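*Asks:* Below is the structure I would like to discuss, written out as structure tokens.
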Amino acid sequence: MNYGIIIKILGNLLLFQIAALLPSLGIALYLGEPELQAFLYTIGILVLFGVPLSLKKTKSKRIQAKEGLTIVTLGWVLVAFFAAFPFYLSGVIPSFTNALFESVSGLTTTGASVIDNVEALSKGLLFWRSFLPWLGGMGIIVLTLAISPTLGVGGYQIYKAETPGPTAGKLSPRLHDTAKILFLVYLLITLALTVFLYFGGLSLFESLIHAFGTIGTGGLSTKNASIGAFNNHFIPWVISIFMIAAGVNFSLYYLMYQRKWRDAFSNSEFRLYLVVIAIGTILITLNLYGNIYQSLSESFRQAFFQVSSFITTTAYRTVDYESWPRFSQGILLFLLFIGGSSGSAAGSIKVIRHLVLLKLIKREISKILHPRAFIPIKVDGKSIPSSVETNIVGFFFLYLVLFASGSLLIMLFENIDFISASTAVAASLGNVGAGFGLVGPGHSFDFFTAESKMILAFLMLLGRLELFTIFVLLTPDFWRN
Amino acid sequence: MDIIIVGAGKLGLRLAELFSQDQNNLTIIDISQERLENVSSYLDVLTILGNGVQLKILKQAQAGRAELFIAATSSDEVNVLACSLAKQLGSKRVIARIRNPDYGEQIDLFRDHFNIDYIANPELEMAKEIARNLLKGYSIHLETFAHGKVTMVEFRVNDLAVLADKSLSQLDLPKGLLIAAILRDNQTIIPHGRTKLLLGDVIYVIGKRESINEFSQVYNAPIQKTPVRNVMIIGGGRASYYLAQKLLMNHVQVKIIEKNEERCLYLAENLKGALIIHGDGTDRELLMEENAEEMDALISVTGMDEENLMIALLSKKIGVPKVIAKISRSNYIPILEQLGIDLAINPVNIIAGEVRRFAQGGNIVSLSLILQGEAEVLEAIVPDESQIVGKPLSKLNLPEGIIIGAIVREGSVIIPDGSSVIAPDDRIIVFCLQSEQTTLEKLLQGKRGFFYELWHNHKDSR
């Protein structure tokens, strides 16, 4: 294992985090908020650790799969650890466990919070809290890759480990350029949404926070009532559409930019994603119409918003969806297990895996009829290597195992009902951030014991890094030379 | 530079490795997913699965924008076709690998008719290299530059035992030469004054021809020149064919041993004057019967590395003065040379060097890869705008891996020290590690901000 390069890159990552803290620092400075000190101390600590690490001399720049996995996992843990300092040092979240929960939840785009009253937060801290999911959405390391040019070959191992989905494609020969393209797409969508929200009547600050929350799929707001606080039809519509946009594979936007419209729109993952949204919306609309809302358009609007919010694992809300009929709630619950597209900011299992699993089921059925039939699983006209097939099946099973064992563990530590415990776990593992019952709309995760919070935070990291990345690191074989 | 390589075989990979060290955008097309996965695991390249002759695939690879298009699949015909199409689509320069001797006479026709800029033939280049080596007749590896005024010689410290366990500053080296590199346990070392020479090291000495001669006399490692008159070639493949052709033209007696009867017939028909023997070259009896021990040189170029290794060792044992073996796997080469085989030669490395020189174009006069391709020695003409012009070498902050071994100005050779200044149009003979190639290229082009780049690269290489 090439420890030198691991240390050096982690050091660079910490320096990058200093840059990421600057906007929040600027806001605190401009408004003369007392949290300024907390930001300054955090930057001091980061300089103290980051500079020596980044100056580490390396004999070789060789990064193989092992180094890549280590860099990604430790990178996320370290960044999350230091990201907790502003919350802790400012005294807003007095317990470090809680501060860490908040930062892990933010960075993994989960958006589950321990803060009951966000409206009381200072602007600088509010910005930091919402900026974290935006950084994590694209992948902190892909962001670093886009900015610092010299990771070279080994970057691909890192990129593979961090990019959501079973396979990670490149858009251009050099990884640095690929990362730049993805970063630019991400930035442009965020800017576009900010402009829309600004003209929809939000302040610039609110527009930015909600653009971060939407595009990063963290779902953090400046209001306790989330999007429901804006008494306006335009804002929910815009946010619904941009939530869906954030759940699309970002490389499709590059295809569109290259005017390869047909390739982009015929992408089967993209199509299935839209179909799932459409079915979910229609079913909930019909269920709500006449039951909860008297007008069809009102039912449709609320259904569309909540479906977009859950499938993209954002967890914004306009209403108290727990007052909806059981059937509608059930659909939302299952959307937690679908998630967005691969290569997007969204979490959970991802549409592409469901697509492949459906095709596997179809193949098994035809194989019973024609035992000797040779049926490759094809996605977009290309057959999937059998190694990817097994990986997807393994992933799905591991996801369910983690869901079940996580739920049991939470119920061991907490005296809460099954729905609350299991949806808290699903919301963490899928990087959603809200569930039902005690973690339903308007509730924070503050009531959990420290043990449960650490379990949930661990599940969030597992979910964001696609389970296997972290599990590989936990095997003794990995550390053996 | 946007570069497309079709075919991720041995040559394709070697080229990808070479080009990926510079700031190039590489795209590799191959029909095997497994091979592509292997490449992308260690090189920063874009891979495309598919047939490189298919228009759809070429367009997907953006062949229209490529500055260099290289077709190196196992099929000559596919290579020609792919190159021709790429040229049509707008690739600036296209290179095709063509190996079949049947096409030997129509290479120029291919070039004109299909618009191919460079035709790479590894076996032919290897044959040329071996022939050059044999016809020069030196007993050790020697490269000449600047019309023979400057030489680079590879010495084994075992042959110069007086040098062992001494540091370079203790040595009383003749003026006009320097030790550019040391190969120790397959590691390349760039020496400085305190570096000690050890038994088993191989040293690369660059200098004026006279100084090198003086060095070899003083240390009693004579550079003998023995003309080669009788050569035995084991294996009758393409390389063997080209080599026999070259040697026969120079009035050398050639004996070829080939296993396959049909192939023997083909060789006998096409190589006038060569003696073709049908038999197994690994058979000691046959070698003795055919007087292998009386040959001036024996070259083993069968398709199997293992066979070549065996034959080379066997012939060294029976006392052939010069033994050359073809080895396709680069990492075997040092082992062979340690075992006393005079030259182990890798066709892929040779052709890769040629292709790269073609791609760079311009001011590089000659280039040879040494240290198993880890480093190169090249002769270049320094352009006016180059940033190395007009400054003492000590002020250039050259990285460790770039050593200016000699400067040739108006016909006279200068062995530089820190105070030497390079003038425009000087020829320089440079020793350069593979990792510093980009730096060297920029140094010679000198168009971009050199100091910035140099600092940048230097910093990265730490």
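Chain lettering (A, B, ...) mirrors the order of the structure tokens, residue numbering begins at 1 for each chain separately, and ligand numbering begins at 1 in order of display.
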Would you list which chain B residues are within 12 Å of chain A using only C-alpha atoms, as a PyMOL selection string?
*Replies:* chain B and resi 1-5+16-17+20-29+32-34+37+39-50+60-62+66+435+456-457+459-462
*Asks:* Next, the residues of the selection above should be written as a short mmCIF file (atom, residue, chain, number, x, y, z; two decimals), in the first residue's frame with N, CA and C atoms.
*Replies:*
```
data_model
loop_
_atom_site.label_atom_id
_atom_site.label_comp_id
_atom_site.auth_asym_id
_atom_site.auth_seq_id
_atom_site.Cartn_x
_atom_site.Cartn_y
_atom_site.Cartn_z
N MET B 1 -2.42 16.77 -27.09
CA MET B 1 -2.66 16.13 -28.38
C MET B 1 -3.75 15.06 -28.23
N ASP B 2 -4.71 15.02 -29.14
CA ASP B 2 -5.73 13.97 -29.12
C ASP B 2 -5.20 12.77 -29.90
N ILE B 3 -5.09 11.64 -29.22
CA ILE B 3 -4.52 10.46 -29.87
C ILE B 3 -5.50 9.30 -29.76
N ILE B 4 -5.69 8.59 -30.85
CA ILE B 4 -6.54 7.40 -30.83
C ILE B 4 -5.68 6.19 -31.16
N ILE B 5 -5.82 5.14 -30.36
CA ILE B 5 -5.09 3.90 -30.66
C ILE B 5 -6.12 2.79 -30.83
N ALA B 16 0.42 3.45 -25.65
CA ALA B 16 -0.45 4.17 -24.72
C ALA B 16 0.34 4.59 -23.50
N GLU B 17 1.19 3.69 -22.99
CA GLU B 17 2.02 4.02 -21.83
C GLU B 17 2.93 5.20 -22.15
N SER B 20 0.89 8.45 -22.65
CA SER B 20 0.12 8.95 -21.51
C SER B 20 1.01 9.70 -20.54
N GLN B 21 2.33 9.59 -20.71
CA GLN B 21 3.19 10.34 -19.80
C GLN B 21 3.20 11.83 -20.15
N ASP B 22 2.87 12.14 -21.40
CA ASP B 22 2.77 13.55 -21.77
C ASP B 22 1.32 13.97 -21.57
N GLN B 23 1.08 15.23 -21.77
CA GLN B 23 -0.29 15.72 -21.57
C GLN B 23 -1.15 15.41 -22.80
N ASN B 24 -1.39 14.14 -23.05
CA ASN B 24 -2.17 13.78 -24.22
C ASN B 24 -3.54 13.25 -23.82
N ASN B 25 -4.51 13.44 -24.71
CA ASN B 25 -5.82 12.84 -24.50
C ASN B 25 -5.88 11.55 -25.29
N LEU B 26 -5.86 10.43 -24.59
CA LEU B 26 -5.78 9.14 -25.27
C LEU B 26 -7.12 8.44 -25.29
N THR B 27 -7.47 7.91 -26.46
CA THR B 27 -8.65 7.07 -26.58
C THR B 27 -8.21 5.74 -27.15
N ILE B 28 -8.64 4.65 -26.53
CA ILE B 28 -8.24 3.33 -27.01
C ILE B 28 -9.47 2.54 -27.43
N ILE B 29 -9.41 1.98 -28.63
CA ILE B 29 -10.52 1.18 -29.15
C ILE B 29 -10.06 -0.27 -29.23
N SER B 32 -12.06 -6.25 -27.11
CA SER B 32 -12.14 -7.06 -25.90
C SER B 32 -12.35 -6.19 -24.67
N GLN B 33 -13.47 -6.41 -24.00
CA GLN B 33 -13.80 -5.65 -22.79
C GLN B 33 -12.74 -5.87 -21.72
N GLU B 34 -12.27 -7.12 -21.64
CA GLU B 34 -11.31 -7.47 -20.61
C GLU B 34 -10.02 -6.66 -20.76
N GLU B 37 -10.57 -3.06 -19.80
CA GLU B 37 -10.63 -2.85 -18.35
C GLU B 37 -9.23 -2.84 -17.75
N VAL B 39 -6.50 -1.88 -19.27
CA VAL B 39 -5.83 -0.61 -19.58
C VAL B 39 -6.32 0.49 -18.66
N SER B 40 -7.64 0.59 -18.54
CA SER B 40 -8.13 1.76 -17.80
C SER B 40 -7.84 1.64 -16.31
N SER B 41 -7.46 0.43 -15.86
CA SER B 41 -7.12 0.33 -14.45
C SER B 41 -5.77 0.97 -14.15
N TYR B 42 -4.92 1.13 -15.16
CA TYR B 42 -3.64 1.75 -14.83
C TYR B 42 -3.25 2.93 -15.70
N LEU B 43 -4.06 3.24 -16.72
CA LEU B 43 -3.76 4.43 -17.51
C LEU B 43 -4.98 5.34 -17.56
N ASP B 44 -4.73 6.63 -17.59
CA ASP B 44 -5.84 7.59 -17.63
C ASP B 44 -6.27 7.79 -19.07
N VAL B 45 -7.08 6.88 -19.57
CA VAL B 45 -7.49 6.93 -20.97
C VAL B 45 -8.99 6.68 -21.09
N LEU B 46 -9.54 7.07 -22.23
CA LEU B 46 -10.93 6.75 -22.51
C LEU B 46 -10.93 5.46 -23.33
N THR B 47 -11.78 4.51 -22.97
CA THR B 47 -11.79 3.27 -23.74
C THR B 47 -13.12 3.11 -24.45
N ILE B 48 -13.07 2.60 -25.66
CA ILE B 48 -14.29 2.36 -26.42
C ILE B 48 -14.27 0.92 -26.90
N LEU B 49 -15.36 0.20 -26.60
CA LEU B 49 -15.46 -1.19 -26.99
C LEU B 49 -16.03 -1.25 -28.39
N GLY B 50 -15.33 -1.87 -29.32
CA GLY B 50 -15.89 -2.00 -30.65
C GLY B 50 -14.83 -2.20 -31.71
N GLN B 60 -17.55 7.99 -32.67
CA GLN B 60 -17.68 8.07 -31.21
C GLN B 60 -16.35 8.46 -30.57
N ALA B 61 -15.28 7.99 -31.18
CA ALA B 61 -13.94 8.32 -30.65
C ALA B 61 -13.49 9.69 -31.11
N GLN B 62 -14.32 10.34 -31.88
CA GLN B 62 -14.00 11.67 -32.42
C GLN B 62 -12.71 11.65 -33.23
N ALA B 66 -8.78 13.96 -34.07
CA ALA B 66 -7.52 13.39 -33.58
C ALA B 66 -6.33 13.94 -34.34
N SER B 435 10.23 9.30 -17.35
CA SER B 435 9.35 10.16 -16.56
C SER B 435 9.56 11.64 -16.85
N HIS B 456 6.63 23.09 -12.40
CA HIS B 456 5.42 22.32 -12.20
C HIS B 456 5.71 20.83 -12.23
N ASN B 457 6.40 20.41 -13.26
CA ASN B 457 6.69 18.99 -13.43
C ASN B 457 7.65 18.51 -12.37
N LYS B 459 7.98 19.65 -9.43
CA LYS B 459 7.29 19.56 -8.16
C LYS B 459 6.49 18.26 -8.09
N ASP B 460 5.86 17.93 -9.21
CA ASP B 460 5.03 16.73 -9.23
C ASP B 460 5.84 15.46 -9.10
N SER B 461 7.05 15.51 -9.64
CA SER B 461 7.80 14.27 -9.66
C SER B 461 8.41 13.95 -8.30
N ARG B 462 8.33 14.89 -7.38
CA ARG B 462 8.91 14.62 -6.07
C ARG B 462 8.11 13.60 -5.30
#
```
*Asks:* With a distance cut-off of 6 Å and only C-alpha atoms, select the neighbouring residues of range 246-259 of chain B, excluding the residue or stretch itself and same-chain residues fewer than 2 positions from it, and output the selection as an MDAnalysis selection string.
*Replies:* chainID B and resid 229:236 243:244 274:280
*Asks:* Would you mind exporting C-alpha atoms of the selected residues as a short mmCIF file (atom, residue, chain, number, x, y, z; two decimals), in the first residue's frame?
*Replies:*
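Now in again00.cif:
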```
data_model
loop_
_atom_site.label_atom_id
_atom_site.label_comp_id
_atom_site.auth_asym_id
_atom_site.auth_seq_id
_atom_site.Cartn_x
_atom_site.Cartn_y
_atom_site.Cartn_z
CA ARG B 229 30.63 -13.19 -41.68
CA ASN B 230 28.57 -16.20 -40.62
CA VAL B 231 25.22 -15.88 -38.94
CA MET B 232 22.74 -18.49 -37.83
CA ILE B 233 19.13 -17.49 -37.32
CA ILE B 234 16.80 -19.73 -35.36
CA GLY B 235 13.17 -19.33 -36.31
CA GLY B 236 11.93 -18.38 -39.75
CA LEU B 243 17.02 -9.88 -41.09
CA ALA B 244 18.25 -12.50 -43.55
CA ALA B 274 20.44 -18.36 -47.60
CA LEU B 275 20.72 -21.93 -46.38
CA ILE B 276 17.39 -23.08 -44.98
CA ILE B 277 17.41 -26.01 -42.60
CA HIS B 278 14.27 -27.84 -41.57
CA GLY B 279 14.56 -28.72 -37.91
CA ASP B 280 14.09 -27.76 -34.30
#
```
*Asks:* Run DSSP on the backbone and tell me which residues of range 71-269 of chain B come out as strand (DSSP E or B); list them as number ranges by chain.
*Replies:* B: 71, 93-97, 118-120, 138, 142-145, 150-156, 167, 177-184, 187-189, 196, 202-208, 225, 230-234, 253-258
*Asks:* Select from range 18-153 of chain A everything DSSP, run on the backbone, classes as alpha helix (DSSP H), then give the selection as a VMD selection string.
*Replies:* chain A and resid 18 to 30 36 to 54 65 to 83 85 to 89 96 to 107 123 to 138 140 to 147
*Asks:* Counting only C-alpha atoms, what is within 10 Å of Leu85 in chain B, bar same-chain residues fewer than 3 positions away, as a list in words?
*Replies:* Gly52, Val53, Gln54, Leu55, Leu58, Ala63, Gly64, Asn79, Val80, Leu81, Ala82, Gln88, Leu89, Gly90, Ser91, Val94, Phe114 and Asn115 of chain B
*Asks:* Which residues are close to range 129-138 of chain A, i.e. within 7 Å by only C-alpha atoms, leaving aside same-chain residues fewer than 4 positions away? Reply as an MDAnalysis selection string.
*Replies:* chainID A and resid 106:109 125 142:143 209 212:213 215:218 220 345
*Asks:* Residues within 12 Å of range 408-417 of chain B, please, as a ChimeraX atom specification. Count only C-alpha atoms; anything in the same chain fewer than 6 positions from it doesn't count.
*Replies:* /B:145-151,174-179,206-211,379-382,392-395,423-430
*Asks:* Would you mind exporting the chosen residues as an mmCIF file, in the first residue's frame, restricted to C-alpha atoms?
*Replies:*
```
data_model
loop_
_atom_site.group_PDB
_atom_site.id
_atom_site.type_symbol
_atom_site.label_atom_id
_atom_site.label_comp_id
_atom_site.auth_asym_id
_atom_site.auth_seq_id
_atom_site.Cartn_x
_atom_site.Cartn_y
_atom_site.Cartn_z
ATOM 1 C CA PHE B 145 25.471 10.113 -32.511
ATOM 2 C CA ALA B 146 26.405 13.195 -34.522
ATOM 3 C CA HIS B 147 27.921 11.217 -37.375
ATOM 4 C CA GLY B 148 29.963 9.058 -35.067
ATOM 5 C CA LYS B 149 31.547 11.909 -33.094
ATOM 6 C CA VAL B 150 29.702 11.075 -29.905
ATOM 7 C CA THR B 151 29.274 7.591 -28.528
ATOM 8 C CA PRO B 174 39.323 10.807 -18.782
ATOM 9 C CA LYS B 175 38.054 14.246 -19.794
ATOM 10 C CA GLY B 176 35.258 14.389 -22.309
ATOM 11 C CA LEU B 177 32.889 11.775 -20.997
ATOM 12 C CA LEU B 178 30.393 11.232 -18.238
ATOM 13 C CA ILE B 179 28.522 8.393 -16.630
ATOM 14 C CA ILE B 206 28.356 9.143 -22.989
ATOM 15 C CA GLY B 207 31.246 11.075 -24.470
ATOM 16 C CA LYS B 208 33.561 11.939 -27.316
ATOM 17 C CA ARG B 209 34.581 8.934 -29.331
ATOM 18 C CA GLU B 210 38.258 9.414 -28.475
ATOM 19 C CA SER B 211 37.549 9.754 -24.775
ATOM 20 C CA GLU B 379 20.073 13.597 -30.555
ATOM 21 C CA ALA B 380 18.206 16.813 -31.210
ATOM 22 C CA ILE B 381 18.775 20.124 -32.907
ATOM 23 C CA VAL B 382 18.027 22.991 -30.565
ATOM 24 C CA PRO B 392 24.478 28.338 -18.331
ATOM 25 C CA LEU B 393 23.273 24.776 -17.712
ATOM 26 C CA SER B 394 23.531 25.234 -13.954
ATOM 27 C CA LYS B 395 20.917 28.007 -14.152
ATOM 28 C CA ALA B 423 23.424 28.143 -28.710
ATOM 29 C CA PRO B 424 20.635 27.873 -31.287
ATOM 30 C CA ASP B 425 21.177 25.138 -33.880
ATOM 31 C CA ASP B 426 23.510 23.173 -31.613
ATOM 32 C CA ARG B 427 23.015 19.455 -31.697
ATOM 33 C CA ILE B 428 22.595 18.084 -28.209
ATOM 34 C CA ILE B 429 22.827 14.494 -27.109
ATOM 35 C CA VAL B 430 20.506 14.078 -24.172
#
```
*Asks:* How far is it from CA of Thr318 in chain A to CA of Gly442 in chain A, in Å with one decimal?
*Replies:*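 Value for the CA of Thr318 in chain A-CA of Gly442 in chain A distance: 10.8 Å.
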*Asks:* Between CA of Ile470 in chain A and CA of Glu67 in chain A, what is the spacing in Å?
*Replies:* 12.6 Å
*Asks:* Quick one: residues within 8 Å of range 445-462 of chain A, only C-alpha atoms, excluding same-chain residues fewer than 2 positions away - as JSON, numbers by chain?
*Replies:* {"A": [76, 97, 98, 101, 104, 105, 108, 110, 112, 113, 114, 115, 116, 406, 409, 410, 413, 414, 424, 425, 428, 429, 430, 431, 439, 443, 464, 465, 466, 467, 468, 469, 470]}
*Asks:* Convert the current residue selection to file output with N, CA and C atoms, as a short mmCIF file (atom, residue, chain, number, x, y, z; two decimals), in the first residue's frame.
*Replies:*
```cif
data_model
loop_
_atom_site.label_atom_id
_atom_site.label_comp_id
_atom_site.auth_asym_id
_atom_site.auth_seq_id
_atom_site.Cartn_x
_atom_site.Cartn_y
_atom_site.Cartn_z
N TRP A 76 -13.83 10.90 3.21
CA TRP A 76 -15.18 11.27 3.66
C TRP A 76 -15.24 11.38 5.18
N THR A 97 -20.98 14.50 19.43
CA THR A 97 -21.65 13.42 18.70
C THR A 97 -22.75 13.99 17.81
N ASN A 98 -23.52 14.90 18.39
CA ASN A 98 -24.60 15.50 17.61
C ASN A 98 -24.06 16.32 16.44
N PHE A 101 -23.00 13.98 13.80
CA PHE A 101 -24.19 13.46 13.12
C PHE A 101 -24.67 14.46 12.08
N VAL A 104 -22.12 14.60 9.10
CA VAL A 104 -22.17 13.40 8.27
C VAL A 104 -23.46 13.39 7.48
N SER A 105 -24.54 13.70 8.15
CA SER A 105 -25.84 13.71 7.50
C SER A 105 -25.86 14.73 6.36
N THR A 108 -23.32 13.55 3.37
CA THR A 108 -23.80 12.40 2.61
C THR A 108 -25.11 12.71 1.88
N THR A 110 -27.88 13.37 3.13
CA THR A 110 -29.04 12.80 3.81
C THR A 110 -29.96 13.93 4.24
N ALA A 112 -30.75 14.68 7.39
CA ALA A 112 -31.41 14.49 8.68
C ALA A 112 -30.72 15.42 9.67
N SER A 113 -31.50 16.06 10.55
CA SER A 113 -30.91 17.10 11.39
C SER A 113 -31.21 16.86 12.85
N VAL A 114 -30.33 17.39 13.70
CA VAL A 114 -30.60 17.35 15.14
C VAL A 114 -31.11 18.72 15.61
N ILE A 115 -31.20 19.66 14.68
CA ILE A 115 -31.60 21.01 15.05
C ILE A 115 -33.12 21.14 14.89
N ASP A 116 -33.80 21.45 16.00
CA ASP A 116 -35.26 21.54 15.94
C ASP A 116 -35.73 22.81 15.27
N GLY A 406 -29.95 -2.87 10.77
CA GLY A 406 -29.97 -1.52 11.31
C GLY A 406 -31.24 -1.25 12.09
N LEU A 409 -31.15 -2.98 15.44
CA LEU A 409 -30.23 -2.31 16.37
C LEU A 409 -30.86 -1.05 16.95
N ILE A 410 -31.52 -0.27 16.08
CA ILE A 410 -32.14 0.97 16.55
C ILE A 410 -33.21 0.63 17.59
N PHE A 413 -31.74 0.00 20.98
CA PHE A 413 -31.29 1.15 21.74
C PHE A 413 -32.41 2.12 22.09
N GLU A 414 -33.48 2.10 21.29
CA GLU A 414 -34.56 3.08 21.50
C GLU A 414 -35.84 2.32 21.81
N ALA A 424 -36.31 5.39 9.85
CA ALA A 424 -35.11 6.16 10.17
C ALA A 424 -33.89 5.50 9.53
N VAL A 425 -33.85 4.16 9.59
CA VAL A 425 -32.74 3.43 8.99
C VAL A 425 -32.77 3.56 7.47
N SER A 428 -31.60 6.89 6.41
CA SER A 428 -30.16 7.10 6.56
C SER A 428 -29.39 6.36 5.48
N LEU A 429 -29.72 5.07 5.32
CA LEU A 429 -29.02 4.24 4.35
C LEU A 429 -29.22 4.77 2.93
N GLY A 430 -30.41 5.29 2.65
CA GLY A 430 -30.70 5.81 1.33
C GLY A 430 -30.35 7.29 1.19
N ASN A 431 -29.77 7.88 2.19
CA ASN A 431 -29.43 9.31 2.19
C ASN A 431 -30.64 10.20 1.90
N VAL A 439 -39.71 10.13 12.90
CA VAL A 439 -38.79 10.83 12.00
C VAL A 439 -39.56 11.38 10.79
N HIS A 443 -40.17 16.50 12.25
CA HIS A 443 -39.45 15.97 13.41
C HIS A 443 -37.95 15.98 13.15
N ARG A 464 -23.84 6.34 1.03
CA ARG A 464 -23.29 7.30 0.08
C ARG A 464 -22.15 6.69 -0.73
N LEU A 465 -21.33 5.86 -0.07
CA LEU A 465 -20.20 5.26 -0.78
C LEU A 465 -20.54 3.88 -1.31
N GLU A 466 -21.83 3.61 -1.46
CA GLU A 466 -22.27 2.40 -2.15
C GLU A 466 -21.81 1.11 -1.47
N LEU A 467 -21.97 1.04 -0.17
CA LEU A 467 -21.76 -0.14 0.67
C LEU A 467 -20.40 -0.81 0.56
N PHE A 468 -20.08 -1.33 -0.63
CA PHE A 468 -18.89 -2.19 -0.76
C PHE A 468 -17.60 -1.43 -0.43
N THR A 469 -17.53 -0.16 -0.85
CA THR A 469 -16.31 0.62 -0.64
C THR A 469 -15.86 0.53 0.81
N ILE A 470 -16.79 0.72 1.73
CA ILE A 470 -16.42 0.71 3.14
C ILE A 470 -16.22 -0.72 3.65
#
```
